[in-house]
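So this one's start-v5.cif, mmCIF, C-alpha atoms and all ligand atoms:
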data_structure
#
loop_
_atom_site.group_PDB
_atom_site.id
_atom_site.type_symbol
_atom_site.label_atom_id
_atom_site.label_comp_id
_atom_site.auth_asym_id
_atom_site.auth_seq_id
_atom_site.Cartn_x
_atom_site.Cartn_y
_atom_site.Cartn_z
ATOM 1 C CA MET E 11 78.791 50.722 90.980
ATOM 2 C CA THR E 12 79.483 47.380 89.321
ATOM 3 C CA ALA E 13 78.466 46.663 85.729
ATOM 4 C CA SER E 14 75.788 44.197 86.809
ATOM 5 C CA THR E 15 74.043 46.488 89.307
ATOM 6 C CA SER E 16 74.312 49.602 87.160
ATOM 7 C CA SER E 17 73.271 48.129 83.889
ATOM 8 C CA VAL E 18 70.282 45.881 84.404
ATOM 9 C CA LEU E 19 67.082 47.890 84.499
ATOM 10 C CA LYS E 20 63.474 46.829 84.423
ATOM 11 C CA ASP E 21 61.463 48.333 81.591
ATOM 12 C CA SER E 22 57.729 49.069 81.564
ATOM 13 C CA LEU E 23 56.916 45.431 80.725
ATOM 14 C CA ASN E 24 59.010 44.393 83.738
ATOM 15 C CA LYS E 25 61.525 42.774 81.359
ATOM 16 C CA THR E 26 65.202 43.198 82.209
ATOM 17 C CA THR E 27 67.061 45.319 79.685
ATOM 18 C CA PHE E 28 70.815 45.591 79.619
ATOM 19 C CA SER E 29 72.309 49.047 79.196
ATOM 20 C CA PHE E 30 75.796 50.464 79.603
ATOM 21 C CA ASP E 31 76.478 52.956 82.366
ATOM 22 C CA GLU E 32 77.979 56.274 81.345
ATOM 23 C CA SER E 33 81.631 55.331 81.676
ATOM 24 C CA GLN E 34 81.113 52.041 79.797
ATOM 25 C CA ARG E 35 79.262 53.953 77.086
ATOM 26 C CA THR E 36 82.053 56.506 76.776
ATOM 27 C CA ALA E 37 84.676 53.756 76.557
ATOM 28 C CA LEU E 38 82.710 51.979 73.823
ATOM 29 C CA PHE E 39 82.105 55.260 71.977
ATOM 30 C CA ASN E 40 85.867 55.852 71.914
ATOM 31 C CA GLN E 41 86.515 52.346 70.633
ATOM 32 C CA VAL E 42 83.914 52.651 67.863
ATOM 33 C CA LYS E 43 85.253 56.101 66.941
ATOM 34 C CA THR E 44 88.809 54.736 66.618
ATOM 35 C CA GLN E 45 87.424 51.942 64.428
ATOM 36 C CA HIS E 46 85.531 54.474 62.250
ATOM 37 C CA GLY E 47 82.019 53.387 63.165
ATOM 38 C CA LEU E 48 82.644 49.657 63.393
ATOM 39 C CA LEU E 49 82.606 46.879 65.947
ATOM 40 C CA PHE E 50 84.224 43.762 64.539
ATOM 41 C CA ALA E 51 83.079 40.177 65.178
ATOM 42 C CA ALA E 52 85.852 39.692 67.755
ATOM 43 C CA ASP E 53 84.818 42.895 69.600
ATOM 44 C CA ILE E 54 81.192 41.707 69.682
ATOM 45 C CA LYS E 55 82.208 38.331 71.077
ATOM 46 C CA ALA E 56 84.448 39.955 73.699
ATOM 47 C CA LEU E 57 81.749 42.425 74.806
ATOM 48 C CA CYS E 58 79.083 39.711 75.072
ATOM 49 C CA ALA E 59 81.468 37.667 77.235
ATOM 50 C CA GLN E 60 82.588 40.668 79.324
ATOM 51 C CA TYR E 61 79.025 41.708 80.230
ATOM 52 C CA THR E 62 77.439 38.219 80.015
ATOM 53 C CA ILE E 63 74.849 39.380 77.495
ATOM 54 C CA THR E 64 73.419 38.027 74.249
ATOM 55 C CA HIS E 65 74.141 39.400 70.795
ATOM 56 C CA ASP E 66 70.736 41.161 70.687
ATOM 57 C CA GLU E 67 71.210 42.677 74.146
ATOM 58 C CA LEU E 68 74.568 44.076 73.064
ATOM 59 C CA LEU E 69 73.058 45.338 69.806
ATOM 60 C CA ARG E 70 70.323 47.271 71.617
ATOM 61 C CA ALA E 71 72.781 48.537 74.243
ATOM 62 C CA CYS E 72 74.903 49.941 71.399
ATOM 63 C CA LEU E 73 72.111 52.304 70.285
ATOM 64 C CA PRO E 74 72.827 55.036 72.864
ATOM 65 C CA VAL E 75 76.484 54.728 71.839
ATOM 66 C CA ALA E 76 75.565 55.166 68.172
ATOM 67 C CA SER E 77 73.492 58.233 68.969
ATOM 68 C CA LEU E 78 76.585 59.913 70.466
ATOM 69 C CA PHE E 79 77.827 60.261 66.872
ATOM 70 C CA ALA E 80 74.792 62.388 65.907
ATOM 71 C CA VAL E 81 75.283 65.982 64.801
ATOM 72 C CA ALA E 82 71.873 67.607 65.193
ATOM 73 C CA PRO E 83 72.176 71.391 65.576
ATOM 74 C CA ILE E 84 68.530 71.937 64.520
ATOM 75 C CA SER E 85 66.501 69.294 66.338
ATOM 76 C CA HIS E 86 68.994 68.297 69.051
ATOM 77 C CA PHE E 87 67.303 64.920 68.581
ATOM 78 C CA LEU E 88 70.064 62.322 68.531
ATOM 79 C CA VAL E 89 69.222 59.145 66.632
ATOM 80 C CA GLY E 90 71.448 56.065 66.610
ATOM 81 C CA ALA E 91 71.285 53.032 64.338
ATOM 82 C CA VAL E 92 73.384 49.895 64.094
ATOM 83 C CA VAL E 93 73.395 47.570 61.091
ATOM 84 C CA VAL E 94 74.415 43.967 61.671
ATOM 85 C CA GLY E 95 76.098 42.867 58.482
ATOM 86 C CA ILE E 96 78.058 39.885 57.196
ATOM 87 C CA ASP E 97 81.310 40.699 55.423
ATOM 88 C CA CYS E 98 83.124 38.766 52.683
ATOM 89 C CA ASP E 99 84.928 36.642 55.307
ATOM 90 C CA ASP E 100 81.532 35.625 56.747
ATOM 91 C CA ALA E 101 82.225 37.679 59.883
ATOM 92 C CA ILE E 102 79.284 39.406 61.554
ATOM 93 C CA ASN E 103 80.077 43.046 62.357
ATOM 94 C CA PHE E 104 78.203 46.045 63.784
ATOM 95 C CA TYR E 105 78.124 49.115 61.531
ATOM 96 C CA PHE E 106 77.135 52.268 63.406
ATOM 97 C CA GLY E 107 75.220 55.285 62.129
ATOM 98 C CA ALA E 108 73.727 58.550 63.392
ATOM 99 C CA ASN E 109 71.825 61.501 61.993
ATOM 100 C CA VAL E 110 73.573 64.562 60.535
ATOM 101 C CA GLU E 111 71.817 67.933 60.191
ATOM 102 C CA PHE E 112 73.014 71.056 58.392
ATOM 103 C CA ALA E 113 72.052 74.115 60.417
ATOM 104 C CA LYS E 114 71.752 76.673 57.632
ATOM 105 C CA GLN E 115 70.366 74.477 54.870
ATOM 106 C CA PRO E 116 67.013 72.915 53.888
ATOM 107 C CA LEU E 117 65.855 70.141 56.187
ATOM 108 C CA SER E 118 65.674 67.771 53.228
ATOM 109 C CA LEU E 119 69.491 67.566 53.107
ATOM 110 C CA VAL E 120 69.652 65.740 56.474
ATOM 111 C CA VAL E 121 71.206 62.283 56.782
ATOM 112 C CA HIS E 122 69.052 59.948 58.865
ATOM 113 C CA ALA E 123 70.694 57.538 61.296
ATOM 114 C CA GLU E 124 69.453 54.517 59.341
ATOM 115 C CA GLN E 125 70.946 55.872 56.115
ATOM 116 C CA SER E 126 74.212 56.580 57.908
ATOM 117 C CA ALA E 127 74.454 53.016 59.281
ATOM 118 C CA ILE E 128 73.442 51.370 55.986
ATOM 119 C CA ASN E 129 75.889 53.586 54.095
ATOM 120 C CA ASN E 130 78.605 52.687 56.616
ATOM 121 C CA ALA E 131 77.937 48.962 56.136
ATOM 122 C CA TRP E 132 77.918 49.383 52.348
ATOM 123 C CA LEU E 133 81.150 51.389 52.174
ATOM 124 C CA LYS E 134 82.922 49.106 54.653
ATOM 125 C CA GLY E 135 82.200 45.992 52.597
ATOM 126 C CA ALA E 136 79.215 44.289 54.249
ATOM 127 C CA GLN E 137 77.657 41.824 51.805
ATOM 128 C CA THR E 138 74.429 40.991 53.596
ATOM 129 C CA ILE E 139 72.335 42.838 56.172
ATOM 130 C CA VAL E 140 70.744 40.649 58.842
ATOM 131 C CA GLN E 141 69.495 43.183 61.397
ATOM 132 C CA ILE E 142 69.042 46.926 61.717
ATOM 133 C CA ALA E 143 68.634 48.271 65.246
ATOM 134 C CA ILE E 144 67.346 51.829 65.681
ATOM 135 C CA SER E 145 66.960 53.989 68.773
ATOM 136 C CA ASP E 146 63.567 55.349 67.582
ATOM 137 C CA ALA E 147 60.890 54.219 65.143
ATOM 138 C CA PRO E 148 62.102 54.687 61.559
ATOM 139 C CA CYS E 149 60.370 57.494 59.656
ATOM 140 C CA GLY E 150 58.651 56.883 56.324
ATOM 141 C CA TYR E 151 61.676 58.159 54.415
ATOM 142 C CA CYS E 152 63.932 55.574 56.122
ATOM 143 C CA ARG E 153 61.450 52.771 55.578
ATOM 144 C CA GLN E 154 61.587 53.685 51.885
ATOM 145 C CA PHE E 155 65.410 53.880 51.971
ATOM 146 C CA MET E 156 65.531 50.374 53.521
ATOM 147 C CA ASN E 157 63.159 49.073 50.842
ATOM 148 C CA GLU E 158 65.955 49.559 48.284
ATOM 149 C CA LEU E 159 68.168 47.001 50.044
ATOM 150 C CA ALA E 160 68.814 43.538 48.616
ATOM 151 C CA ASP E 161 67.770 41.953 51.925
ATOM 152 C CA ALA E 162 64.674 44.121 52.450
ATOM 153 C CA GLU E 163 62.350 41.121 52.802
ATOM 154 C CA LYS E 164 64.591 39.284 55.238
ATOM 155 C CA PHE E 165 66.366 41.460 57.791
ATOM 156 C CA ASP E 166 64.940 42.199 61.224
ATOM 157 C CA ILE E 167 64.345 45.765 62.385
ATOM 158 C CA LEU E 168 64.942 46.051 66.120
ATOM 159 C CA LEU E 169 63.601 48.977 68.118
ATOM 160 C CA PRO E 170 64.379 49.285 71.833
ATOM 161 C CA ASP E 171 61.335 47.172 72.792
ATOM 162 C CA GLN E 172 59.989 45.732 69.530
ATOM 163 C CA GLN E 173 61.024 43.867 66.409
ATOM 164 C CA PHE E 174 59.621 43.997 62.870
ATOM 165 C CA LYS E 175 60.127 42.952 59.273
ATOM 166 C CA LEU E 176 60.129 45.819 56.810
ATOM 167 C CA ASN E 177 56.874 44.705 55.161
ATOM 168 C CA GLN E 178 55.081 45.197 58.507
ATOM 169 C CA LEU E 179 56.315 48.798 58.626
ATOM 170 C CA LEU E 180 55.932 49.472 54.900
ATOM 171 C CA PRO E 181 53.051 47.416 53.493
ATOM 172 C CA HIS E 182 52.080 47.726 49.804
ATOM 173 C CA ALA E 183 55.512 49.229 49.151
ATOM 174 C CA PHE E 184 56.823 51.041 46.104
ATOM 175 C CA GLY E 185 60.301 49.875 45.205
ATOM 176 C CA PRO E 186 62.971 49.338 42.537
ATOM 177 C CA LYS E 187 60.961 46.707 40.640
ATOM 178 C CA ASP E 188 58.176 49.269 40.046
ATOM 179 C CA LEU E 189 60.685 51.163 37.929
ATOM 180 C CA GLY E 190 61.817 48.017 36.124
ATOM 181 C CA ASN E 191 65.024 47.829 38.203
ATOM 182 C CA ASN E 192 65.836 44.279 39.243
ATOM 183 C CA TYR E 193 68.958 45.324 41.123
ATOM 184 C CA SER E 194 69.184 46.855 44.579
ATOM 185 C CA LEU E 195 71.584 48.461 47.014
ATOM 186 C CA PHE E 196 74.064 45.675 47.974
ATOM 187 C CA ASN E 197 73.115 43.855 44.756
ATOM 188 C CA PRO E 198 74.004 46.315 41.990
ATOM 189 C CA ALA E 199 74.179 45.677 38.257
ATOM 190 C CA PRO E 200 77.609 44.442 37.108
ATOM 191 C CA GLN E 201 79.828 47.386 36.141
ATOM 192 C CA THR E 202 80.745 47.317 32.454
ATOM 193 C CA GLN E 203 82.339 50.763 32.199
ATOM 194 C CA ILE E 204 85.457 52.594 33.354
ATOM 195 C CA PHE E 205 86.206 56.305 33.587
ATOM 196 C CA GLU E 206 88.425 57.945 30.972
ATOM 197 C CA ALA E 207 91.972 58.358 32.294
ATOM 198 C CA ASN E 208 92.780 61.433 34.388
ATOM 199 C CA THR E 209 95.958 61.641 36.415
ATOM 200 C CA ASP E 210 94.649 64.478 38.658
ATOM 201 C CA ILE E 211 92.128 62.186 40.333
ATOM 202 C CA ASP E 212 92.864 59.663 43.082
ATOM 203 C CA THR E 213 92.263 56.149 41.760
ATOM 204 C CA ALA E 214 90.457 55.231 45.011
ATOM 205 C CA LEU E 215 87.901 57.951 44.171
ATOM 206 C CA THR E 216 87.386 56.748 40.574
ATOM 207 C CA LYS E 217 87.140 53.138 41.752
ATOM 208 C CA LEU E 218 84.567 54.041 44.390
ATOM 209 C CA ALA E 219 82.503 56.173 41.984
ATOM 210 C CA LEU E 220 82.185 53.135 39.687
ATOM 211 C CA THR E 221 80.511 51.262 42.574
ATOM 212 C CA ALA E 222 77.847 53.954 43.126
ATOM 213 C CA TYR E 223 74.296 52.599 43.127
ATOM 214 C CA VAL E 224 72.784 54.828 40.447
ATOM 215 C CA PRO E 225 70.126 52.842 38.552
ATOM 216 C CA TYR E 226 67.941 55.935 38.001
ATOM 217 C CA THR E 227 70.389 58.616 36.785
ATOM 218 C CA ALA E 228 73.572 56.713 35.836
ATOM 219 C CA ASN E 229 75.581 59.462 37.538
ATOM 220 C CA TYR E 230 78.353 57.295 38.950
ATOM 221 C CA CYS E 231 79.822 59.631 41.517
ATOM 222 C CA ALA E 232 81.704 59.779 44.771
ATOM 223 C CA VAL E 233 83.277 62.282 47.155
ATOM 224 C CA LYS E 234 86.659 62.331 48.882
ATOM 225 C CA ILE E 235 87.256 64.457 51.977
ATOM 226 C CA THR E 236 90.958 64.728 52.753
ATOM 227 C CA THR E 237 91.853 65.680 56.313
ATOM 228 C CA PHE E 238 95.114 67.182 57.557
ATOM 229 C CA ASP E 239 95.848 64.505 60.151
ATOM 230 C CA ASN E 240 93.349 61.670 59.845
ATOM 231 C CA GLY E 241 93.505 60.387 56.274
ATOM 232 C CA CYS E 242 90.687 60.447 53.725
ATOM 233 C CA PHE E 243 86.967 59.794 54.009
ATOM 234 C CA TYR E 244 84.957 58.660 51.005
ATOM 235 C CA GLY E 245 81.266 58.812 50.205
ATOM 236 C CA CYS E 246 79.289 57.251 47.385
ATOM 237 C CA TYR E 247 75.931 57.986 45.769
ATOM 238 C CA ALA E 248 73.085 55.590 46.733
ATOM 239 C CA GLU E 249 69.848 56.221 44.851
ATOM 240 C CA ASN E 250 66.304 55.251 45.747
ATOM 241 C CA ALA E 251 63.330 54.351 43.581
ATOM 242 C CA ALA E 252 61.276 57.092 45.269
ATOM 243 C CA TYR E 253 64.151 59.476 44.466
ATOM 244 C CA SER E 254 64.081 61.704 47.576
ATOM 245 C CA PRO E 255 65.508 59.242 50.104
ATOM 246 C CA SER E 256 68.613 58.915 47.881
ATOM 247 C CA LEU E 257 71.842 59.496 49.801
ATOM 248 C CA ALA E 258 74.108 62.042 48.129
ATOM 249 C CA PRO E 259 77.846 61.280 47.948
ATOM 250 C CA LEU E 260 78.879 64.348 49.960
ATOM 251 C CA GLN E 261 76.492 63.531 52.813
ATOM 252 C CA SER E 262 77.727 59.938 52.647
ATOM 253 C CA ALA E 263 81.337 61.151 53.100
ATOM 254 C CA ILE E 264 80.440 63.642 55.855
ATOM 255 C CA SER E 265 78.626 60.916 57.759
ATOM 256 C CA GLN E 266 81.737 58.712 57.475
ATOM 257 C CA LEU E 267 83.915 61.526 58.842
ATOM 258 C CA HIS E 268 81.593 62.014 61.827
ATOM 259 C CA LEU E 269 81.682 58.260 62.559
ATOM 260 C CA ALA E 270 85.426 58.688 63.134
ATOM 261 C CA GLY E 271 84.600 61.400 65.670
ATOM 262 C CA LEU E 272 85.777 64.237 63.417
ATOM 263 C CA SER E 273 84.065 67.519 62.512
ATOM 264 C CA MET E 274 83.707 69.450 59.286
ATOM 265 C CA ASN E 275 85.941 72.400 60.136
ATOM 266 C CA ASP E 276 88.936 74.137 58.624
ATOM 267 C CA THR E 277 91.439 72.658 61.062
ATOM 268 C CA THR E 278 90.349 69.129 60.095
ATOM 269 C CA VAL E 279 89.404 69.311 56.404
ATOM 270 C CA LYS E 280 92.125 69.951 53.833
ATOM 271 C CA SER E 281 90.197 69.369 50.601
ATOM 272 C CA ILE E 282 86.866 68.112 49.264
ATOM 273 C CA GLU E 283 86.621 66.517 45.830
ATOM 274 C CA LEU E 284 83.548 65.409 43.898
ATOM 275 C CA LEU E 285 83.777 63.116 40.882
ATOM 276 C CA GLN E 286 80.712 62.809 38.643
ATOM 277 C CA THR E 287 79.872 61.222 35.302
ATOM 278 C CA LYS E 288 80.120 63.590 32.369
ATOM 279 C CA GLY E 289 76.731 64.409 30.834
ATOM 280 C CA VAL E 290 74.575 63.322 33.817
ATOM 281 C CA GLU E 291 75.979 65.446 36.659
ATOM 282 C CA ASN E 292 73.434 66.331 39.386
ATOM 283 C CA GLN E 293 75.459 66.789 42.578
ATOM 284 C CA LEU E 294 77.350 70.077 42.175
ATOM 285 C CA HIS E 295 74.734 72.515 43.445
ATOM 286 C CA VAL E 296 73.471 70.324 46.258
ATOM 287 C CA SER E 297 77.063 69.715 47.401
ATOM 288 C CA GLU E 298 77.757 73.433 47.376
ATOM 289 C CA SER E 299 74.605 74.017 49.445
ATOM 290 C CA VAL E 300 75.657 71.465 52.034
ATOM 291 C CA LEU E 301 79.144 72.971 52.221
ATOM 292 C CA ALA E 302 77.701 76.488 52.609
ATOM 293 C CA ASN E 303 76.666 75.265 56.056
ATOM 294 C CA TYR E 304 80.267 75.474 57.206
ATOM 295 C CA SER E 305 82.602 78.438 57.333
ATOM 296 C CA ASN E 306 86.182 78.603 56.067
ATOM 297 C CA LEU E 307 86.214 75.207 54.408
ATOM 298 C CA PRO E 308 88.256 74.822 51.201
ATOM 299 C CA ALA E 309 86.241 75.242 47.992
ATOM 300 C CA LEU E 310 84.791 72.086 46.465
ATOM 301 C CA ILE E 311 86.900 70.665 43.633
ATOM 302 C CA ALA E 312 84.535 69.114 41.080
ATOM 303 C CA TYR E 313 85.512 66.746 38.285
ATOM 304 C CA SER E 314 83.421 65.256 35.487
ATOM 305 C CA LEU E 315 84.752 62.287 33.595
ATOM 306 C CA ALA E 316 83.280 60.402 30.656
ATOM 307 C CA LEU E 317 82.588 56.693 30.978
ATOM 308 C CA ILE E 318 83.999 54.225 28.490
ATOM 309 C CA LYS E 319 82.473 50.792 27.812
ATOM 310 C CA THR E 320 84.797 47.921 28.698
ATOM 311 C CA CYS E 321 83.147 45.410 26.355
HETATM 312 N N1 LIG D 401 65.709 61.024 62.209
HETATM 313 C C1 LIG D 401 66.424 59.908 61.922
HETATM 314 O O1 LIG D 401 67.672 59.937 61.926
HETATM 315 N N2 LIG D 401 65.761 58.776 61.595
HETATM 316 C C2 LIG D 401 64.409 58.683 61.555
HETATM 317 O O2 LIG D 401 63.869 57.800 60.928
HETATM 318 C C3 LIG D 401 63.626 59.707 62.285
HETATM 319 C C4 LIG D 401 64.247 61.062 62.197
HETATM 320 C C5 LIG D 401 66.420 62.277 62.474
HETATM 321 C C6 LIG D 401 66.354 63.254 61.330
HETATM 322 C C7 LIG D 401 66.542 64.572 62.032
HETATM 323 O O3 LIG D 401 67.920 64.791 62.189
HETATM 324 C C8 LIG D 401 65.919 64.357 63.412
HETATM 325 O O4 LIG D 401 65.861 62.937 63.607
HETATM 326 C C9 LIG D 401 64.527 64.958 63.567
HETATM 327 O O5 LIG D 401 63.687 64.464 62.595
HETATM 328 ZN ZN ZN D 402 64.286 58.517 58.842
#
Now, as a test, write the supplied structure out as structure tokens.
Ligand code: THU
Ligand code: ZN
Amino acid sequence: MTASTSSVLKDSLNKTTFSFDESQRTALFNQVKTQHGLLFAADIKALCAQYTITHDELLRACLPVASLFAVAPISHFLVGAVVVGIDCDDAINFYFGANVEFAKQPLSLVVHAEQSAINNAWLKGAQTIVQIAISDAPCGYCRQFMNELADAEKFDILLPDQQFKLNQLLPHAFGPKDLGNNYSLFNPAPQTQIFEANTDIDTALTKLALTAYVPYTANYCAVKITTFDNGCFYGCYAENAAYSPSLAPLQSAISQLHLAGLSMNDTTVKSIELLQTKGVENQLHVSESVLANYSNLPALIAYSLALIKTC
């Protein structure tokens, strides 16, 4: 079957909708996996030209690809999300995300696809979010998570057949300003502190922990998962004004590892390190719970370091 006959379907409104066939989807999944959950501006341009489709058609067609990254042993419900973000070179990239469930742990520890994609965009250096495409309607928790973003009033939320602004999906919202916080995820307060010196800890981990978005607890923290053969994956704490939709640093790192097509198992993972801020630690027990989901993983190495004012 050719791409044009296989991929153009009529939906219920008799509109044509572009979608990839299975082999195209698998090829794109492999590309995104190799690029750790990213499609770069040049990839987007090439794909639009290859399939003669618009940016938005490609974006929506990427959702079933994103959902292939989901790890959902409880629900078997695979959710995909793609954030369209602008990086510091003004390039527009696609940042993929998918849900992650932990079979033997409380449901509340789950990572939602929207969180995964936003976290991916944040960690990979996106400066501005312009669109978020999702394979299913976002739940209340995700609407609240999105309400913490600097661009919450502006970006478009694309569902397979509809498009919204966040205030249509979350009217009369509670957000950071209600707690007196004028900053937001992607627009954090300037960092005026550094961690006390410690030669045991990777400087990339300390640097990342200082960029955590922690306006409510001040626990600057991050996680590093070192693999045997595929480098390191980092996760960072992203808090939310409503507290529960906060994304913990371990889940952030696990989601990043899955977006490279890897699994949390003992043949992949060599070590897991958590760095927290001395005096305000809150991630040790929850991290241990998440890790109890897996067998034979190395024990969590936890560090606490004091912060020192730089001025
Ligand atoms: N899920 C999402 O990823 N996003 C949503 O907004 C709806 C729900 C996931 C969470 C869980 O893994 C599964 O779908 C069932 O709720
Ligand atoms: Zn959700």
Using all atoms listed in the file, I'd like a table of the residues in chain E that come within 10 Å of ligand ZN 402 (chain D); for each, show the closest atom pair and its distance in Å rounded to one decimal, ordered by chain and ascending number, as a tab-separated table.
residue	atom	partner	partner_atom	distance
E:Val89	CA	D:ZN402	ZN	9.2
E:Asn109	CA	D:ZN402	ZN	8.7
E:Val120	CA	D:ZN402	ZN	9.3
E:Val121	CA	D:ZN402	ZN	8.1
E:His122	CA	D:ZN402	ZN	5.0
E:Ala123	CA	D:ZN402	ZN	6.9
E:Glu124	CA	D:ZN402	ZN	6.6
E:Gln125	CA	D:ZN402	ZN	7.7
E:Asp146	CA	D:ZN402	ZN	9.3
E:Ala147	CA	D:ZN402	ZN	8.3
E:Pro148	CA	D:ZN402	ZN	5.2
E:Cys149	CA	D:ZN402	ZN	4.1
E:Gly150	CA	D:ZN402	ZN	6.4
E:Tyr151	CA	D:ZN402	ZN	5.2
E:Cys152	CA	D:ZN402	ZN	4.0
E:Arg153	CA	D:ZN402	ZN	7.2
E:Gln154	CA	D:ZN402	ZN	8.9
E:Phe155	CA	D:ZN402	ZN	8.4
E:Met156	CA	D:ZN402	ZN	9.8
E:Pro255	CA	D:ZN402	ZN	8.9
Output as JSON lines one row per residue of segment 223-309 of chain E within 9 Å of segment 183-188 of chain E: the closest atom pair and its distance in Å to one decimal place, counting all atoms listed in the file, sorted by chain and residue number ascending.
{"residue": "E:Pro225", "atom": "CA", "partner": "E:Pro186", "partner_atom": "CA", "distance": 8.9}
{"residue": "E:Asn250", "atom": "CA", "partner": "E:Pro186", "partner_atom": "CA", "distance": 7.5}
{"residue": "E:Ala251", "atom": "CA", "partner": "E:Pro186", "partner_atom": "CA", "distance": 5.1}
{"residue": "E:Ala252", "atom": "CA", "partner": "E:Gly185", "partner_atom": "CA", "distance": 7.3}
Identify all residues satisfying the PyMOL selection byres (((chain E and resi 96) around 6) and not hetatm) in the given file; provide them as a list in words.
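Evaluating the PyMOL selection byres (((chain E and resi 96) around 6) and not hetatm) on these coordinates yields Gly95, Asp97, Asp100, Ala101, Ile102, Ala136, Gln137 and Thr138 of chain E.
Restricting the calculation to only C-alpha atoms, the smallest distance between Ser254 of chain E and any of E:Thr227, E:Ser118, E:Thr26, E:Asn208 is found for E:Ser118.
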Of the residues E:Ala59, E:Ile211, E:Ile84, E:Leu168, which is the one nearest to ligand LIG 401 (chain D), using all atoms listed in the file?
E:Ile84
Residues matched by the PyMOL selection byres (((chain E and resi 178) around 12) and not hetatm), written as an MDAnalysis selection string
chainID E and resid 153 157 162:167 173:177 179:183
Selection as a PyMOL selection string: residues within 10 Å of (75.4, 55.8, 58.8), counting all atoms listed in the file
chain E and resi 47+76+79-80+90-93+105-110+121-133+261-266+268-269
Using 8 Å of padding on each side, determine the axis-aligned box around all atoms of ligand LIG 401 (chain D) present in the file and give its centre and edge lengths in Å to one decimal, as lines of an AutoDock Vina configuration file.
center_x = 65.8
center_y = 61.4
center_z = 62.3
size_x = 20.3
size_y = 23.2
size_z = 18.7
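When the distance limit is 10 Å and only C-alpha atoms are what count, the residues near Leu69 of chain E, minus those fewer than 4 positions from it on the same chain, are Ile54, Cys58, Ile63, Thr64, His65, Leu73, Ala91, Val92, Val93, Val94, Phe104, Gln141, Ile142, Ala143, Ile144, Leu168 and Pro170 of chain E.
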Neighbour list for Pro198 of chain E as a list in words, cut-off 9 Å, all atoms listed in the file, skip fewer than 3 positions in-chain:
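Result of the neighbour search: Ala160, Asn192, Tyr193, Ser194, Leu195, Gln201, Thr221, Ala222, Tyr223, Val224 and Pro225 of chain E.
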With C-alpha atoms retained, could you export that selection as a JSON list (two decimals), keeping the file's coordinate frame?
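Contents of selection26.json, freshly written:
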[["chain", "number", "residue", "atom", "x", "y", "z"],
["E", 160, "ALA", "CA", 68.81, 43.54, 48.62],
["E", 192, "ASN", "CA", 65.84, 44.28, 39.24],
["E", 193, "TYR", "CA", 68.96, 45.32, 41.12],
["E", 194, "SER", "CA", 69.18, 46.86, 44.58],
["E", 195, "LEU", "CA", 71.58, 48.46, 47.01],
["E", 201, "GLN", "CA", 79.83, 47.39, 36.14],
["E", 221, "THR", "CA", 80.51, 51.26, 42.57],
["E", 222, "ALA", "CA", 77.85, 53.95, 43.13],
["E", 223, "TYR", "CA", 74.30, 52.60, 43.13],
["E", 224, "VAL", "CA", 72.78, 54.83, 40.45],
["E", 225, "PRO", "CA", 70.13, 52.84, 38.55]]
Quick one: of E:Ser145, E:Asn103, E:Gln41, E:Gln293, who's nearest to ligand LIG 401 (chain D), counting only C-alpha atoms and all ligand atoms?
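Smallest separation from ligand LIG 401 (chain D) among the options: E:Ser145.
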Using all atoms listed in the file, which residue out of E:Asn229, E:Thr202, E:Thr278, E:Gln45 lies closest to Lys134 of chain E?
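Using all atoms listed in the file, the shortest distance to Lys134 of chain E belongs to E:Gln45.
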Residues at most 10 Å from Ala113 of chain E, counting all atoms listed in the file, excluding those fewer than 4 positions away in the same chain, as an NGL selection string?
:E and (81-85 or 117 or 120 or 300 or 302-304)
Exactly which residues make up the result of the PyMOL selection byres (((chain E and resi 297) around 9) and not hetatm) on this file, given as a list of chain:residue names?
E:Ala258, E:Pro259, E:Leu260, E:Gln261, E:Leu284, E:Gln293, E:Leu294, E:His295, E:Val296, E:Glu298, E:Ser299, E:Val300, E:Leu301, E:Ala302, E:Leu310
Separation of atom CA of Phe205 of chain E from atom CA of Leu317 of chain E in Å
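These atoms are spaced 4.5 Å apart.
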Selected residue of minimal separation from ligand LIG 401 (chain D) among E:Gln172, E:Ser77, E:Ser305, E:Thr287, counting all atoms listed in the file
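Among the listed residues, the smallest separation from ligand LIG 401 (chain D) belongs to E:Ser77.
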E:Ala37, E:Ala52, E:Phe112, E:Asp66: which is nearest ligand LIG 401 (chain D), counting all atoms listed in the file?
E:Phe112
How about completing segment 141-145 of chain E with N, CA, C and O atoms and giving it to me as a PDB file, keeping the file's coordinate frame?
ATOM      1  N   GLN E 141      70.304  42.442  60.413  1.00  0.00           N
ATOM      2  CA  GLN E 141      69.495  43.183  61.397  1.00  0.00           C
ATOM      3  C   GLN E 141      69.803  44.681  61.261  1.00  0.00           C
ATOM      4  O   GLN E 141      70.921  45.056  60.925  1.00  0.00           O
ATOM      5  N   ILE E 142      68.807  45.487  61.572  1.00  0.00           N
ATOM      6  CA  ILE E 142      69.042  46.926  61.717  1.00  0.00           C
ATOM      7  C   ILE E 142      68.377  47.341  63.022  1.00  0.00           C
ATOM      8  O   ILE E 142      67.155  47.201  63.169  1.00  0.00           O
ATOM      9  N   ALA E 143      69.182  47.802  63.971  1.00  0.00           N
ATOM     10  CA  ALA E 143      68.634  48.271  65.246  1.00  0.00           C
ATOM     11  C   ALA E 143      68.598  49.797  65.212  1.00  0.00           C
ATOM     12  O   ALA E 143      69.531  50.431  64.694  1.00  0.00           O
ATOM     13  N   ILE E 144      67.525  50.369  65.735  1.00  0.00           N
ATOM     14  CA  ILE E 144      67.346  51.829  65.681  1.00  0.00           C
ATOM     15  C   ILE E 144      66.843  52.306  67.037  1.00  0.00           C
ATOM     16  O   ILE E 144      66.005  51.647  67.673  1.00  0.00           O
ATOM     17  N   SER E 145      67.324  53.478  67.442  1.00  0.00           N
ATOM     18  CA  SER E 145      66.960  53.989  68.773  1.00  0.00           C
ATOM     19  C   SER E 145      65.528  54.520  68.821  1.00  0.00           C
ATOM     20  O   SER E 145      64.951  54.674  69.895  1.00  0.00           O
TER      21      SER E 145
END
